[in-house]
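The next block holds one structure in the form of structure tokens; read it before the comments.
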Amino acid sequence: MTEDAVIIGGGFAGLSAAMQLARARRRVTILDTGAPRNRFASHSHGVLAMDGRPGADILATARAQLATYDTVTFRPVEATKLDGDIDAFRVATSDGEEIAGRRVLLATGFEDVLPTIPGLSERWGRTVLHCPYCHGYEIDRGPLGLLARTADAIRLAAIIADWGDVTLFTNEAIEPDAAAIALLEQRGVNIRSGRVLAVDGREGEPLSVQFDGGSAAVVKALFVMPESRVRSAIPHERDLAFRESPIGQIIATDEGRQTSLPGLYAAGDIALGPANITFASADGVKAGVMLHHSLILPAH
Ligand SMILES: Cc1cc2nc3c(=O)[nH]c(=O)nc-3n(C[C@H](O)[C@H](O)[C@H](O)COP(=O)(O)OP(=O)(O)OC[C@H]3O[C@@H](n4cnc5c(N)ncnc54)[C@H](O)[C@@H]3O)c2cc1C
């Protein structure tokens, strides 16, 4: 049987889209490998009415609620290939099956690529962070670091100064100009040059940021600027249009979240760039509704 929609990625965007389609009594299959982007953090913050709940719990509740709709199928498998076109897509899965769908939604989320500095990846989501709104409040002030990767570090450092005493580690990636220095001074941000070689420190204790030349700086948390990449090879294999965002390339869509391939939609981080659970969920709702309209109204 042909599904009305196959959703590739059952994170916040994918499940939100599925809910809209389920409530329209449409047939939906969700494929999900169970690795949402925030899986490295024990709790999620800033989500209305769910502040401090583990992200995995929020998703488990969403899956349980979706399971009560009899037109929804959830499959914990990877979508490996997308063939066909609008009204006749075929999605191959890692367990060797093929699912037919009139429409497909990509909601695979990002993979964050951290700078290759020893000590960062094992602390990712705990004391090495990217989003002050998500975890900055819990750090509870004190010395914070921001490891620059692009010129956007100036803007970020100025913002993060609301969460603590920030030092911007330029790490030979940026050279602040006079205007940047003035802004950072006004925000009380220190600037420290030199190449960062490693990050060290025991679990639960401040981090030691170690520099070329032997010196070190101690911070309670280090903010980094990962390069975020769209997960899944499907967008490249289907030659989708991409566009630049401040954190990496994202999938280009129209206002209704349709990609450059008719009938193929994209939502969540991969269509938004910088985002969070709430933005990704809202984006999934939008994509689900617009995808539903397209099943009825040919102009969509
Ligand atoms: C460390 C960290 C902490 C964060 N903390 C917060 C926070 O506290 N509050 C907040 O609002 N935001 C937080 N975020 C941001 C939030 O995680 C993302 O904005 C949100 O997860 C994006 O939702 P999404 O549905 O687009 O993608 P995701 O949630 O990443 O979901 C994508 C899903 O698709 C699946 N998938 C990928 N490829 C395939 C495939 N080929 N086949 C099948 N399934 C596939 C994945 O396994 C995953 O389950 C945090 C991010 C990070 C990195």
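Here's how to read the names in the structure tokens: chain A, B, ... by the order shown, residue numbers from 1 in each chain, ligand numbers from 1 in the order shown.
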- request: Name the residues of range 9-196 of chain A that come out as strand (DSSP E) in a backbone DSSP run; write them as a PyMOL selection string.
  value: chain A and resi 28-31+72-75+79-85+88-93+98-106+110-113+128-129+143-147+165-169+190-192+196
Print the selection's residues with C-alpha atoms to a file, as a PDB file, in the first residue's frame.
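Output contents, as saved in selection_21.pdb:
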ATOM      1  CA  VAL A  28       2.092   7.965   7.644  1.00  0.00           C
ATOM      2  CA  THR A  29       5.190   5.862   8.164  1.00  0.00           C
ATOM      3  CA  ILE A  30       7.966   7.344  10.306  1.00  0.00           C
ATOM      4  CA  LEU A  31      11.481   5.937   9.953  1.00  0.00           C
ATOM      5  CA  VAL A  72       0.590   5.837  11.876  1.00  0.00           C
ATOM      6  CA  THR A  73       3.429   3.331  11.630  1.00  0.00           C
ATOM      7  CA  PHE A  74       6.714   3.905  13.451  1.00  0.00           C
ATOM      8  CA  ARG A  75       9.732   1.905  12.329  1.00  0.00           C
ATOM      9  CA  ALA A  79      16.118   5.323   5.390  1.00  0.00           C
ATOM     10  CA  THR A  80      19.003   4.502   3.079  1.00  0.00           C
ATOM     11  CA  LYS A  81      17.778   5.635  -0.351  1.00  0.00           C
ATOM     12  CA  LEU A  82      15.030   7.652  -1.951  1.00  0.00           C
ATOM     13  CA  ASP A  83      13.898   6.790  -5.479  1.00  0.00           C
ATOM     14  CA  GLY A  84      10.962   7.883  -7.587  1.00  0.00           C
ATOM     15  CA  ASP A  85       9.101  11.147  -7.765  1.00  0.00           C
ATOM     16  CA  ALA A  88       5.383   7.547  -6.449  1.00  0.00           C
ATOM     17  CA  PHE A  89       8.360   7.834  -4.095  1.00  0.00           C
ATOM     18  CA  ARG A  90      10.089   4.695  -2.853  1.00  0.00           C
ATOM     19  CA  VAL A  91      12.118   4.768   0.364  1.00  0.00           C
ATOM     20  CA  ALA A  92      14.569   1.922   0.951  1.00  0.00           C
ATOM     21  CA  THR A  93      15.263   1.002   4.571  1.00  0.00           C
ATOM     22  CA  GLU A  98      10.920  -0.493   0.417  1.00  0.00           C
ATOM     23  CA  ILE A  99       8.082   1.838   1.398  1.00  0.00           C
ATOM     24  CA  ALA A 100       5.987   3.626  -1.208  1.00  0.00           C
ATOM     25  CA  GLY A 101       4.820   7.156  -0.467  1.00  0.00           C
ATOM     26  CA  ARG A 102       3.031   9.955  -2.280  1.00  0.00           C
ATOM     27  CA  ARG A 103       5.082  12.512  -0.368  1.00  0.00           C
ATOM     28  CA  VAL A 104       8.285  12.323   1.671  1.00  0.00           C
ATOM     29  CA  LEU A 105       9.441  14.569   4.508  1.00  0.00           C
ATOM     30  CA  LEU A 106      13.119  14.782   5.400  1.00  0.00           C
ATOM     31  CA  PHE A 110      22.052  17.769  12.064  1.00  0.00           C
ATOM     32  CA  GLU A 111      25.275  16.068  12.938  1.00  0.00           C
ATOM     33  CA  ASP A 112      27.540  18.500  14.836  1.00  0.00           C
ATOM     34  CA  VAL A 113      31.194  18.432  13.882  1.00  0.00           C
ATOM     35  CA  VAL A 128      31.165  21.942  26.220  1.00  0.00           C
ATOM     36  CA  LEU A 129      28.080  23.604  24.795  1.00  0.00           C
ATOM     37  CA  PRO A 143      34.013  32.232  34.095  1.00  0.00           C
ATOM     38  CA  LEU A 144      32.869  31.041  30.656  1.00  0.00           C
ATOM     39  CA  GLY A 145      34.803  30.597  27.424  1.00  0.00           C
ATOM     40  CA  LEU A 146      33.827  30.862  23.777  1.00  0.00           C
ATOM     41  CA  LEU A 147      36.051  29.117  21.270  1.00  0.00           C
ATOM     42  CA  ASP A 165      32.198  36.375  32.655  1.00  0.00           C
ATOM     43  CA  VAL A 166      33.162  35.527  29.108  1.00  0.00           C
ATOM     44  CA  THR A 167      36.586  35.140  27.573  1.00  0.00           C
ATOM     45  CA  LEU A 168      36.686  34.890  23.796  1.00  0.00           C
ATOM     46  CA  PHE A 169      39.419  32.468  22.713  1.00  0.00           C
ATOM     47  CA  ASN A 190      37.949  39.452  27.574  1.00  0.00           C
ATOM     48  CA  ILE A 191      39.819  38.475  24.439  1.00  0.00           C
ATOM     49  CA  ARG A 192      42.559  35.887  24.574  1.00  0.00           C
ATOM     50  CA  VAL A 196      43.987  26.130  21.973  1.00  0.00           C
TER      51      VAL A 196
END
message: Show me which residues are within 6 Å of ligand 1 counting only C-alpha atoms and all ligand atoms, and format the list as number ranges by chain.
response: A: 8-14, 31-38, 40-41, 44-47, 77-80, 107-110, 125, 134, 231-232, 268-269, 275-278, 280
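Pairwise distance (CA of Val209 in chain A, CA of Leu197 in chain A) equals 7.9 Å.
Coordinates place CA of Ala198 in chain A at a distance of 14.3 Å from CA of Glu172 in chain A.
Assigned to alpha helix (DSSP H) in range 114-242 of chain A, given DSSP computed from backbone atoms, are Pro132, Tyr133, Cys134, His135, Gly136, Tyr137, Glu138, Ile139, Ala153, Ile154, Arg155, Leu156, Ala157, Ala158, Ile159, Ile160, Ala178, Ala179, Ala180, Ile181, Ala182, Leu183, Leu184, Glu185, Gln186, Ile234, Pro235, His236 and Glu237 of chain A.
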Dump as an mmCIF file, in the first residue's frame, selection limited to C-alpha atoms:
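So again38.cif came out as:
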data_model
loop_
_atom_site.group_PDB
_atom_site.id
_atom_site.type_symbol
_atom_site.label_atom_id
_atom_site.label_comp_id
_atom_site.auth_asym_id
_atom_site.auth_seq_id
_atom_site.Cartn_x
_atom_site.Cartn_y
_atom_site.Cartn_z
ATOM 1 C CA PRO A 132 23.351 29.425 26.040
ATOM 2 C CA TYR A 133 19.543 29.456 26.040
ATOM 3 C CA CYS A 134 19.530 25.645 26.399
ATOM 4 C CA HIS A 135 22.061 25.186 29.197
ATOM 5 C CA GLY A 136 23.529 28.577 30.154
ATOM 6 C CA TYR A 137 21.232 29.184 33.131
ATOM 7 C CA GLU A 138 22.270 25.929 34.844
ATOM 8 C CA ILE A 139 25.975 26.848 34.670
ATOM 9 C CA ALA A 153 31.990 34.545 17.472
ATOM 10 C CA ILE A 154 31.961 38.302 18.168
ATOM 11 C CA ARG A 155 28.162 38.456 18.203
ATOM 12 C CA LEU A 156 27.929 35.229 20.222
ATOM 13 C CA ALA A 157 30.458 36.361 22.826
ATOM 14 C CA ALA A 158 28.535 39.609 23.325
ATOM 15 C CA ILE A 159 25.313 37.632 23.860
ATOM 16 C CA ILE A 160 26.786 34.915 26.100
ATOM 17 C CA ALA A 178 38.187 47.908 16.284
ATOM 18 C CA ALA A 179 34.369 47.792 16.207
ATOM 19 C CA ALA A 180 34.353 44.224 17.524
ATOM 20 C CA ILE A 181 36.794 45.090 20.294
ATOM 21 C CA ALA A 182 34.630 48.061 21.309
ATOM 22 C CA LEU A 183 31.501 45.873 21.464
ATOM 23 C CA LEU A 184 33.267 43.191 23.484
ATOM 24 C CA GLU A 185 34.699 45.778 25.883
ATOM 25 C CA GLN A 186 31.254 47.250 26.385
ATOM 26 C CA ILE A 234 19.620 11.508 0.322
ATOM 27 C CA PRO A 235 19.621 15.314 -0.208
ATOM 28 C CA HIS A 236 22.866 15.084 -2.207
ATOM 29 C CA GLU A 237 21.846 11.937 -4.065
#
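Proximity of A:Arg39, A:Ala267, A:Ala22, A:Pro298 to Asp57 in chain A, computed with only C-alpha atoms, is greatest for A:Arg39.
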task: Tell me, as JSON, numbers by chain, which residues lie within 9 Å of Ala62 in chain A, counting only C-alpha atoms; anything in the same chain fewer than 6 positions away does not count.
output: {"A": [12, 15, 16, 19]}
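Distance annotation: of A:Gly142, A:Gly213, A:Gly248, A:Pro176, the residue with the minimal separation from Gly164 in chain A is A:Gly142; atom set is only C-alpha atoms.
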